[in-house]
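Participant: Okay, here's the structure, questions in a sec.
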Amino acid sequence: MASRAHRAIWQPDELVSIVERMGSMRIVRVGFAIIVMGFGALAPRMLAEPLSTLSWVTGSYLLLLLVPEVARNLRRKNLLPVLAATLLLDGLYLGWVMYATGGAQSPLRFLVYIHVVAVTLLASYRTGLKIAAWHSLLFFVVFYAESASIIAVRETILSALPGRGGDFYLVSMLYVAGLWAVALGTAMFSAVIERELRNQKIDLEAHADMVAEIDRKESARAIPDVLLAKVCHVFGFRRGAVLTAPGDDIELAAYRGPDQGAQIPAGLDPVMERAWDHRTTVLVRGIDPSTDPRLAALFPDGHNLIIVPLFLDRGTRLGLLVLEHPGNRGYVKRWVVRMIEQFASHAALALHNAWLMDELAAKLEENKGLRADLMANNLALQVKVEERTQELRESLEELRQVDHQRRRLLSRLLNAEEDERRRIAGDIHDGPVQEMLALGMQLHHMGLTTPDRPMQDSLEAIRSGVDGAVEGLRDLVFDLRPVILDHAGLEPALRQYAGTLDGGLSAAVESRLKRDVPSEAAIILYRIAQEALANVRKHAKASRVTILLDEREGGFLVQVQDNGIGFSPPTGLHSVPGHLGLSSMRERAEMAGGWCTVRSLPRGGTAVEAWVPATVGAAPVAQLSGRHQSMLVQNGGNGSQLADAKAS
């Protein structure tokens, strides 16, 4: 086509390098040498020269085989003279071989024809014609040299020599005509092949240029324009269009021609649908506006249309490439169709990738927007959380202050209670107990001094009652404030109190303490154990109770466990109306910064545990509250229940 002609300036080594051509000629020369030496060995009587001379000339000729290796590193402008010189030397060698084997009637004259054919095909048809002229010139030079007796005559037909007969023109014309017939025929064939190869190379270069240009494009909209421009420029199409289907409907993406390109309605013409469904190129001679209105709108009076589908290997349909072939010829070369399909295939892949990149870019922008919204929402949420956290801190601080005040109040009340118990115990011990002891001693003295027996018995009965009252007052004093607790400590005080239990209840005290319990913690644990033992005595119907003293978590623990009937405790550690024992245990433990729990099941016994820190009031309120709740959940989950025992 015209567009190719003005683009291409062909070079001889455009398709195959000069070094490669010289390498191929080396194979031809080896063949020549083998044929010549074989002929000399098989038919020595037909040689006009000795076999040794033939061998020496052929060996010298084979030195040309080294030329490609020597010339491999030469530049192009230096290679061409070397190539021309080797071809001239080929002519000289073959001319001498013909001269040495019979001249124009030599059986080896066909080697000249082979040489012309080889040079024409391997170099170019122009070079082949030049070599044919060189062989013709050598032929006449040898003939005239023989006729002039410059060289020995080797011709078998002497009348063929110029000036010696009438056969010169016939022999020379037959030889030269045959040589040029072979040269021209080969040159024509080579010219056609060269032109086709050159055109195909131009097409491939254009395809590579289109690929590079498409790769440089960043937008999917530019790819159809590049495809259409390249195809029309390379193959000389006057009109063309690219239809793409990024969505469900097909649309005009690029148009080339004298008109602007009409907008087409949605849908496909039958011929377009056939190309798309079969995924193959469709050639159409003419357009029928009634059956193909969309193509008729794009190409008025169009003919010789080439419709190429744009699709991927997996069958994804992307669009159509429609081209109008120039001229009135009703055919197009298969190579052109294949190249157009290659153009379309790469453009389809690039278009699909561009659409994916556009979709990815849109998703990235959407993600950026969502991320910005998320960051804004997170910031707003963070502000709200900080505000709520600050409110919770303030509420917690208020609760701590209230709890601290409640503790101080409970501490004062309990301290006041202990002080009052101590005062009452002291008053009872120093007052009524001493007076009752004095009264008992007086009654005893009166009984000793009274002679009346009945009176003595009455006084003794009164004294026994007074002694019982004294014992009762002493027990009351012990309950109010055991003196042994201040002097001996918690363990002896609990052992002494356990010894006062009656009703067939066996009590055992086990101590794992490794240090003395501070007085404040000892008083609190003693009162809790005292209240628990009172509940066991009154309600548990137990035969055995165990009191355990231990050190845990930097504090002290007292556990009172019986084998009684147990009960189903109420929710929470609170006393029932009219009974303050359970609440008292809880309040005493919490006042000291500790906790108190009760585990019980019907017919499963009851266990009361109380823990206080070594330094009374040292444990944080939030920590104790959380620990108390966690113990409720844990024991509730395994079948036990945490609550108060029945209050006394």
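Residues in the structure tokens are numbered from 1 in each chain, the chains being A, B, ... in the order shown, and ligands are numbered from 1 in the order shown.
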Would you mind writing down, as an mmCIF file with C-alpha atoms, in the first residue's frame, each residue of stretch 298-514 of chain A that DSSP on the backbone assigns to alpha helix (DSSP H)?
Facilitator:
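Ended up saving to result-v4.cif:
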data_model
loop_
_atom_site.group_PDB
_atom_site.id
_atom_site.type_symbol
_atom_site.label_atom_id
_atom_site.label_comp_id
_atom_site.auth_asym_id
_atom_site.auth_seq_id
_atom_site.Cartn_x
_atom_site.Cartn_y
_atom_site.Cartn_z
ATOM 1 C CA LEU A 298 -20.984 4.872 10.621
ATOM 2 C CA ARG A 334 -4.420 -13.078 4.887
ATOM 3 C CA TRP A 335 -1.259 -11.564 6.410
ATOM 4 C CA VAL A 336 -2.972 -8.181 6.631
ATOM 5 C CA VAL A 337 -5.956 -9.730 8.407
ATOM 6 C CA ARG A 338 -3.694 -11.550 10.842
ATOM 7 C CA MET A 339 -1.709 -8.401 11.581
ATOM 8 C CA ILE A 340 -4.908 -6.419 12.151
ATOM 9 C CA GLU A 341 -6.029 -9.151 14.557
ATOM 10 C CA GLN A 342 -2.681 -8.856 16.357
ATOM 11 C CA PHE A 343 -3.138 -5.095 16.625
ATOM 12 C CA ALA A 344 -6.657 -5.599 17.930
ATOM 13 C CA SER A 345 -5.630 -8.354 20.361
ATOM 14 C CA HIS A 346 -2.969 -6.250 22.048
ATOM 15 C CA ALA A 347 -5.218 -3.208 22.107
ATOM 16 C CA ALA A 348 -7.980 -5.328 23.694
ATOM 17 C CA LEU A 349 -5.612 -6.513 26.415
ATOM 18 C CA ALA A 350 -4.358 -2.980 27.038
ATOM 19 C CA LEU A 351 -7.936 -1.638 27.039
ATOM 20 C CA HIS A 352 -9.049 -4.267 29.535
ATOM 21 C CA ASN A 353 -6.065 -3.508 31.788
ATOM 22 C CA ALA A 354 -6.777 0.223 31.514
ATOM 23 C CA TRP A 355 -10.403 -0.350 32.497
ATOM 24 C CA LEU A 356 -9.249 -2.425 35.440
ATOM 25 C CA MET A 357 -6.824 0.331 36.438
ATOM 26 C CA ASP A 358 -9.578 2.949 36.142
ATOM 27 C CA GLU A 359 -11.850 0.765 38.237
ATOM 28 C CA LEU A 360 -9.059 0.245 40.743
ATOM 29 C CA ALA A 361 -8.377 3.991 40.852
ATOM 30 C CA ALA A 362 -12.094 4.637 41.443
ATOM 31 C CA LYS A 363 -12.093 2.041 44.223
ATOM 32 C CA LEU A 364 -9.003 3.635 45.732
ATOM 33 C CA GLU A 365 -10.652 7.050 45.659
ATOM 34 C CA GLU A 366 -13.751 5.552 47.210
ATOM 35 C CA ASN A 367 -11.611 3.870 49.858
ATOM 36 C CA LYS A 368 -9.848 7.161 50.523
ATOM 37 C CA GLY A 369 -13.222 8.829 51.017
ATOM 38 C CA LEU A 370 -14.395 6.038 53.278
ATOM 39 C CA ARG A 371 -11.133 6.205 55.163
ATOM 40 C CA ALA A 372 -11.525 9.965 55.619
ATOM 41 C CA ASP A 373 -15.102 9.443 56.841
ATOM 42 C CA LEU A 374 -13.926 6.668 59.127
ATOM 43 C CA MET A 375 -11.162 8.847 60.535
ATOM 44 C CA ALA A 376 -13.644 11.661 61.095
ATOM 45 C CA ASN A 377 -16.079 9.274 62.792
ATOM 46 C CA ASN A 378 -13.253 7.788 64.828
ATOM 47 C CA LEU A 379 -12.169 11.259 65.887
ATOM 48 C CA ALA A 380 -15.713 12.175 66.874
ATOM 49 C CA LEU A 381 -16.094 8.852 68.663
ATOM 50 C CA GLN A 382 -12.765 9.365 70.384
ATOM 51 C CA VAL A 383 -13.907 12.781 71.593
ATOM 52 C CA LYS A 384 -17.148 11.270 72.874
ATOM 53 C CA VAL A 385 -15.271 8.426 74.514
ATOM 54 C CA GLU A 386 -12.891 10.861 76.183
ATOM 55 C CA GLU A 387 -15.811 12.944 77.384
ATOM 56 C CA ARG A 388 -17.611 9.851 78.641
ATOM 57 C CA THR A 389 -14.401 8.573 80.214
ATOM 58 C CA GLN A 390 -13.939 11.877 81.976
ATOM 59 C CA GLU A 391 -17.522 11.697 83.213
ATOM 60 C CA LEU A 392 -16.911 8.146 84.431
ATOM 61 C CA ARG A 393 -13.703 9.252 86.143
ATOM 62 C CA GLU A 394 -15.586 12.026 87.879
ATOM 63 C CA SER A 395 -18.388 9.628 88.818
ATOM 64 C CA LEU A 396 -15.870 7.086 90.075
ATOM 65 C CA GLU A 397 -14.082 9.750 92.046
ATOM 66 C CA GLU A 398 -17.386 10.789 93.591
ATOM 67 C CA LEU A 399 -18.132 7.146 94.380
ATOM 68 C CA ARG A 400 -14.712 6.805 95.946
ATOM 69 C CA GLN A 401 -15.279 9.847 98.047
ATOM 70 C CA VAL A 402 -18.708 8.609 99.074
ATOM 71 C CA ASP A 403 -17.318 5.158 99.807
ATOM 72 C CA HIS A 404 -14.439 6.692 101.711
ATOM 73 C CA GLN A 405 -16.859 8.709 103.765
ATOM 74 C CA ARG A 406 -19.009 5.625 104.297
ATOM 75 C CA ARG A 407 -15.954 3.702 105.430
ATOM 76 C CA ARG A 408 -14.943 6.424 107.779
ATOM 77 C CA LEU A 409 -18.449 6.444 109.159
ATOM 78 C CA LEU A 410 -18.525 2.661 109.503
ATOM 79 C CA SER A 411 -15.062 2.725 111.024
ATOM 80 C CA ARG A 412 -16.156 5.295 113.553
ATOM 81 C CA LEU A 413 -19.310 3.338 114.304
ATOM 82 C CA LEU A 414 -17.443 0.053 114.699
ATOM 83 C CA ASN A 415 -14.691 1.699 116.692
ATOM 84 C CA ALA A 416 -17.324 3.317 118.807
ATOM 85 C CA GLU A 417 -18.965 -0.092 119.159
ATOM 86 C CA GLU A 418 -15.666 -1.654 120.235
ATOM 87 C CA ASP A 419 -14.986 1.192 122.626
ATOM 88 C CA GLU A 420 -18.473 0.845 124.013
ATOM 89 C CA ARG A 421 -18.007 -2.913 124.326
ATOM 90 C CA ARG A 422 -14.711 -2.354 126.076
ATOM 91 C CA ARG A 423 -16.238 0.226 128.397
ATOM 92 C CA ILE A 424 -19.273 -1.914 129.173
ATOM 93 C CA ALA A 425 -17.086 -4.954 129.740
ATOM 94 C CA GLY A 426 -14.855 -2.944 132.052
ATOM 95 C CA ASP A 427 -17.811 -1.529 133.926
ATOM 96 C CA ILE A 428 -19.378 -4.945 134.333
ATOM 97 C CA GLN A 434 -16.903 -7.520 141.818
ATOM 98 C CA GLU A 435 -20.025 -6.809 143.829
ATOM 99 C CA MET A 436 -21.416 -10.257 143.046
ATOM 100 C CA LEU A 437 -18.105 -11.810 144.061
ATOM 101 C CA ALA A 438 -18.164 -9.857 147.295
ATOM 102 C CA LEU A 439 -21.777 -10.936 147.888
ATOM 103 C CA GLY A 440 -20.800 -14.547 147.290
ATOM 104 C CA MET A 441 -17.984 -14.310 149.749
ATOM 105 C CA GLN A 442 -20.316 -12.784 152.362
ATOM 106 C CA LEU A 443 -22.883 -15.503 151.809
ATOM 107 C CA HIS A 444 -20.162 -18.123 152.182
ATOM 108 C CA HIS A 445 -18.970 -16.507 155.421
ATOM 109 C CA MET A 446 -22.507 -16.306 156.772
ATOM 110 C CA GLY A 447 -23.012 -19.973 156.007
ATOM 111 C CA LEU A 448 -19.935 -20.833 157.964
ATOM 112 C CA THR A 449 -20.935 -18.753 160.977
ATOM 113 C CA ARG A 453 -28.583 -26.077 159.134
ATOM 114 C CA PRO A 454 -31.546 -25.043 157.010
ATOM 115 C CA MET A 455 -30.197 -21.535 156.928
ATOM 116 C CA GLN A 456 -26.824 -22.822 155.760
ATOM 117 C CA ASP A 457 -28.495 -24.703 152.906
ATOM 118 C CA SER A 458 -30.425 -21.607 151.884
ATOM 119 C CA LEU A 459 -27.313 -19.458 151.976
ATOM 120 C CA GLU A 460 -25.416 -22.060 149.940
ATOM 121 C CA ALA A 461 -28.154 -22.113 147.301
ATOM 122 C CA ILE A 462 -28.097 -18.324 147.125
ATOM 123 C CA ARG A 463 -24.280 -18.369 146.844
ATOM 124 C CA SER A 464 -24.481 -20.911 144.007
ATOM 125 C CA GLY A 465 -26.901 -18.623 142.192
ATOM 126 C CA VAL A 466 -24.576 -15.721 142.731
ATOM 127 C CA ASP A 467 -21.647 -17.769 141.360
ATOM 128 C CA GLY A 468 -23.708 -18.664 138.283
ATOM 129 C CA ALA A 469 -24.558 -15.018 137.799
ATOM 130 C CA VAL A 470 -20.867 -14.171 138.085
ATOM 131 C CA GLU A 471 -20.034 -16.774 135.423
ATOM 132 C CA GLY A 472 -22.718 -15.342 133.170
ATOM 133 C CA LEU A 473 -21.371 -11.845 133.657
ATOM 134 C CA ARG A 474 -17.869 -13.094 132.909
ATOM 135 C CA ASP A 475 -19.090 -14.749 129.670
ATOM 136 C CA LEU A 476 -20.800 -11.496 128.770
ATOM 137 C CA VAL A 477 -17.584 -9.596 129.433
ATOM 138 C CA PHE A 478 -15.695 -12.073 127.230
ATOM 139 C CA ASP A 479 -18.214 -11.676 124.424
ATOM 140 C CA LEU A 480 -18.032 -7.933 124.653
ATOM 141 C CA VAL A 483 -8.957 -9.771 127.020
ATOM 142 C CA ILE A 484 -6.960 -12.644 125.505
ATOM 143 C CA LEU A 485 -7.337 -11.048 122.066
ATOM 144 C CA ASP A 486 -5.349 -8.019 123.220
ATOM 145 C CA HIS A 487 -2.731 -10.040 125.070
ATOM 146 C CA LEU A 490 -6.273 -13.896 117.225
ATOM 147 C CA GLU A 491 -5.596 -17.647 117.258
ATOM 148 C CA PRO A 492 -5.770 -18.109 121.089
ATOM 149 C CA ALA A 493 -8.858 -15.893 121.218
ATOM 150 C CA LEU A 494 -10.655 -18.032 118.624
ATOM 151 C CA ARG A 495 -9.575 -21.240 120.403
ATOM 152 C CA GLN A 496 -10.944 -19.918 123.675
ATOM 153 C CA TYR A 497 -14.204 -18.845 122.060
ATOM 154 C CA ALA A 498 -14.537 -22.195 120.228
ATOM 155 C CA GLY A 499 -14.204 -23.924 123.584
#
Participant: Which neighbours of A:Val560 fall inside 8 Å, counting only C-alpha atoms, when residues of the same chain fewer than 3 positions from it are skipped, and could you give them as number ranges by chain?
Facilitator: A: 529, 532-533, 545-548, 607-609
Participant: With C-alpha atoms retained, write the just-selected residues as a CSV table (one decimal), in the first residue's frame.
Facilitator:
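Written output follows (part-v2.csv):
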chain,number,residue,atom,x,y,z
A,529,ALA,CA,-15.7,-15.5,113.0
A,532,ALA,CA,-20.3,-17.0,111.8
A,533,LEU,CA,-19.9,-19.4,114.8
A,545,VAL,CA,-17.0,-26.8,112.5
A,546,THR,CA,-13.5,-25.9,111.3
A,547,ILE,CA,-11.9,-22.5,111.7
A,548,LEU,CA,-8.9,-21.8,109.4
A,607,ALA,CA,-18.5,-21.8,104.4
A,608,VAL,CA,-17.9,-18.2,105.4
A,609,GLU,CA,-14.6,-16.6,104.2
Participant: Run DSSP on the backbone and give me the residues of stretch 25-244 of chain A it puts in strand (DSSP E or B), as a PDB file with N, CA and C atoms, in the first residue's frame.
Facilitator:
ATOM      1  N   ARG A 239     -11.380   4.735   6.228  1.00  0.00           N
ATOM      2  CA  ARG A 239     -12.323   4.949   7.324  1.00  0.00           C
ATOM      3  C   ARG A 239     -12.238   3.768   8.297  1.00  0.00           C
ATOM      4  N   GLY A 240     -12.496   4.079   9.550  1.00  0.00           N
ATOM      5  CA  GLY A 240     -12.474   3.037  10.570  1.00  0.00           C
ATOM      6  C   GLY A 240     -13.151   3.518  11.837  1.00  0.00           C
ATOM      7  N   ALA A 241     -13.519   2.585  12.686  1.00  0.00           N
ATOM      8  CA  ALA A 241     -14.192   2.916  13.942  1.00  0.00           C
ATOM      9  C   ALA A 241     -13.859   1.843  14.962  1.00  0.00           C
ATOM     10  N   VAL A 242     -13.803   2.266  16.214  1.00  0.00           N
ATOM     11  CA  VAL A 242     -13.608   1.351  17.339  1.00  0.00           C
ATOM     12  C   VAL A 242     -14.818   1.480  18.245  1.00  0.00           C
ATOM     13  N   LEU A 243     -15.505   0.370  18.447  1.00  0.00           N
ATOM     14  CA  LEU A 243     -16.673   0.316  19.324  1.00  0.00           C
ATOM     15  C   LEU A 243     -16.285  -0.478  20.568  1.00  0.00           C
ATOM     16  N   THR A 244     -16.545   0.094  21.731  1.00  0.00           N
ATOM     17  CA  THR A 244     -16.185  -0.564  22.994  1.00  0.00           C
ATOM     18  C   THR A 244     -17.429  -0.745  23.847  1.00  0.00           C
TER      19      THR A 244
END
Participant: If you measure from atom CA of A:Ala542 to atom CA of A:Ile565, what distance in Å do you get, rounded to one decimal?
Facilitator: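 So the answer is 7.0 Å.
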Participant: Identify, on the basis of only C-alpha atoms, every residue whose closest approach to A:Arg588 does not exceed 9 Å; exclude the query and any residue fewer than 2 positions from it along the same chain; express the result as a PDB file with N, CA and C atoms, in the first residue's frame.
Facilitator:
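Saved the output as out-v9.pdb:
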ATOM      1  N   LEU A 410     -18.456   4.014 108.954  1.00  0.00           N
ATOM      2  CA  LEU A 410     -18.525   2.661 109.503  1.00  0.00           C
ATOM      3  C   LEU A 410     -17.391   2.413 110.484  1.00  0.00           C
ATOM      4  N   SER A 411     -16.190   2.902 110.117  1.00  0.00           N
ATOM      5  CA  SER A 411     -15.062   2.725 111.024  1.00  0.00           C
ATOM      6  C   SER A 411     -15.319   3.398 112.370  1.00  0.00           C
ATOM      7  N   LEU A 414     -17.976   1.296 114.152  1.00  0.00           N
ATOM      8  CA  LEU A 414     -17.443   0.053 114.699  1.00  0.00           C
ATOM      9  C   LEU A 414     -16.437   0.316 115.806  1.00  0.00           C
ATOM     10  N   ILE A 524     -11.314  -7.305 113.658  1.00  0.00           N
ATOM     11  CA  ILE A 524     -12.330  -7.450 112.607  1.00  0.00           C
ATOM     12  C   ILE A 524     -12.542  -8.918 112.273  1.00  0.00           C
ATOM     13  N   LEU A 525     -11.459  -9.685 112.097  1.00  0.00           N
ATOM     14  CA  LEU A 525     -11.591 -11.103 111.776  1.00  0.00           C
ATOM     15  C   LEU A 525     -12.225 -11.866 112.942  1.00  0.00           C
ATOM     16  N   ARG A 527     -14.462 -10.697 115.108  1.00  0.00           N
ATOM     17  CA  ARG A 527     -15.891 -10.422 115.154  1.00  0.00           C
ATOM     18  C   ARG A 527     -16.621 -11.178 114.042  1.00  0.00           C
ATOM     19  N   ILE A 528     -16.013 -11.248 112.837  1.00  0.00           N
ATOM     20  CA  ILE A 528     -16.658 -11.976 111.735  1.00  0.00           C
ATOM     21  C   ILE A 528     -16.751 -13.452 112.068  1.00  0.00           C
ATOM     22  N   SER A 583     -24.971  -8.593 107.343  1.00  0.00           N
ATOM     23  CA  SER A 583     -24.558  -7.249 106.945  1.00  0.00           C
ATOM     24  C   SER A 583     -23.393  -6.772 107.784  1.00  0.00           C
ATOM     25  N   SER A 584     -23.408  -7.140 109.064  1.00  0.00           N
ATOM     26  CA  SER A 584     -22.326  -6.725 109.952  1.00  0.00           C
ATOM     27  C   SER A 584     -21.003  -7.326 109.494  1.00  0.00           C
ATOM     28  N   MET A 585     -21.024  -8.633 109.107  1.00  0.00           N
ATOM     29  CA  MET A 585     -19.788  -9.256 108.622  1.00  0.00           C
ATOM     30  C   MET A 585     -19.290  -8.555 107.357  1.00  0.00           C
ATOM     31  N   ARG A 586     -20.199  -8.306 106.417  1.00  0.00           N
ATOM     32  CA  ARG A 586     -19.802  -7.656 105.178  1.00  0.00           C
ATOM     33  C   ARG A 586     -19.259  -6.262 105.437  1.00  0.00           C
ATOM     34  N   GLU A 590     -15.499  -4.895 104.524  1.00  0.00           N
ATOM     35  CA  GLU A 590     -15.312  -3.802 103.568  1.00  0.00           C
ATOM     36  C   GLU A 590     -14.748  -2.567 104.238  1.00  0.00           C
ATOM     37  N   MET A 591     -15.095  -2.359 105.491  1.00  0.00           N
ATOM     38  CA  MET A 591     -14.537  -1.209 106.212  1.00  0.00           C
ATOM     39  C   MET A 591     -13.021  -1.315 106.293  1.00  0.00           C
ATOM     40  N   ALA A 592     -12.526  -2.561 106.436  1.00  0.00           N
ATOM     41  CA  ALA A 592     -11.083  -2.768 106.528  1.00  0.00           C
ATOM     42  C   ALA A 592     -10.416  -2.833 105.166  1.00  0.00           C
ATOM     43  N   GLY A 593     -11.230  -2.713 104.068  1.00  0.00           N
ATOM     44  CA  GLY A 593     -10.657  -2.822 102.733  1.00  0.00           C
ATOM     45  C   GLY A 593     -10.603  -4.256 102.252  1.00  0.00           C
ATOM     46  N   GLY A 594     -11.406  -5.144 102.833  1.00  0.00           N
ATOM     47  CA  GLY A 594     -11.401  -6.545 102.446  1.00  0.00           C
ATOM     48  C   GLY A 594     -12.741  -6.969 101.900  1.00  0.00           C
ATOM     49  N   TRP A 595     -13.047  -8.251 102.031  1.00  0.00           N
ATOM     50  CA  TRP A 595     -14.286  -8.789 101.503  1.00  0.00           C
ATOM     51  C   TRP A 595     -14.736  -9.962 102.356  1.00  0.00           C
ATOM     52  N   CYS A 596     -16.002 -10.301 102.184  1.00  0.00           N
ATOM     53  CA  CYS A 596     -16.584 -11.409 102.919  1.00  0.00           C
ATOM     54  C   CYS A 596     -17.565 -12.129 102.004  1.00  0.00           C
TER      55      CYS A 596
END
Participant: A:Met25: which residues within 12 Å, counting only C-alpha atoms, same-chain residues fewer than 6 positions away excluded, as number ranges by chain?
Facilitator: A: 18-19, 31-32, 62, 64-68, 83-84, 86-87, 90, 114-123
Participant: Pick from A:Ala100, A:Ala253, A:Ile193, A:Leu137: nearest to A:Val226, with only C-alpha atoms counted?
Facilitator: A:Ala253
Participant: Determine, counting only C-alpha atoms, which protein, DNA and RNA residues have an atom within 7 Å of an atom of A:Gly302; residues of the same chain fewer than 3 positions away are not included. Present the result as a PyMOL selection string.
Facilitator: chain A and resi 286-287+299+324
Participant: I'd like to know which of A:His539, A:Lys217, A:Arg109, A:Arg126 is closest to A:Tyr175, using only C-alpha atoms.
Facilitator: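 Among the listed residues, A:Arg109 lies closest to A:Tyr175.
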Participant: Looking at A:Leu179, A:Met210, A:Val558, A:Ala507, which one is nearest to A:Arg537, with distances taken over only C-alpha atoms?
Facilitator: A:Ala507
Participant: Which one is closest to A:Arg285: A:Asn199, A:Asn304, A:Asn563, A:Ser136? Count only C-alpha atoms.
Facilitator: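 Of A:Asn199, A:Asn304, A:Asn563, A:Ser136, the one nearest A:Arg285 is A:Asn304, counting only C-alpha atoms.
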Participant: One decimal, in Å: what's the spacing between atom CA of A:Leu268 and atom CA of A:Leu228?
Facilitator: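 Atom CA of A:Leu268 sits 20.0 Å away from atom CA of A:Leu228.
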Participant: Which residues, written as a CSV table (one decimal) with C-alpha atoms, in the first residue's frame, have at least one atom at most 6 Å from A:Gly564, with only C-alpha atoms counted and residues fewer than 2 positions away on the same chain left out?
Facilitator:
chain,number,residue,atom,x,y,z
A,540,ALA,CA,-26.7,-25.1,111.1
A,541,LYS,CA,-27.5,-28.2,113.1
A,542,ALA,CA,-23.8,-29.1,112.6
A,562,ASP,CA,-19.4,-26.5,109.0
A,566,GLY,CA,-26.8,-25.6,104.6
A,605,GLY,CA,-22.9,-27.2,104.7
Participant: With a distance cut-off of 12 Å and only C-alpha atoms, select the neighbouring residues of stretch 51-61 of chain A, excluding the residue or stretch itself and same-chain residues fewer than 4 positions from it, and output the selection as a ChimeraX atom specification.
Facilitator: /A:26,29-47,65-67,86-94,96-101
Participant: For each of A:Leu108, A:Thr615, A:Gly95, A:Ala187, take the minimum atom-to-atom distance to A:Lys130, counting only C-alpha atoms, then give the residue where this is smallest.
Facilitator: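 Closest candidate: A:Ala187.
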Participant: Which value, in Å to one decimal, gives the distance between atom CA of A:Pro482 and atom CA of A:Ser506?
Facilitator: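 A separation of 21.1 Å between them.
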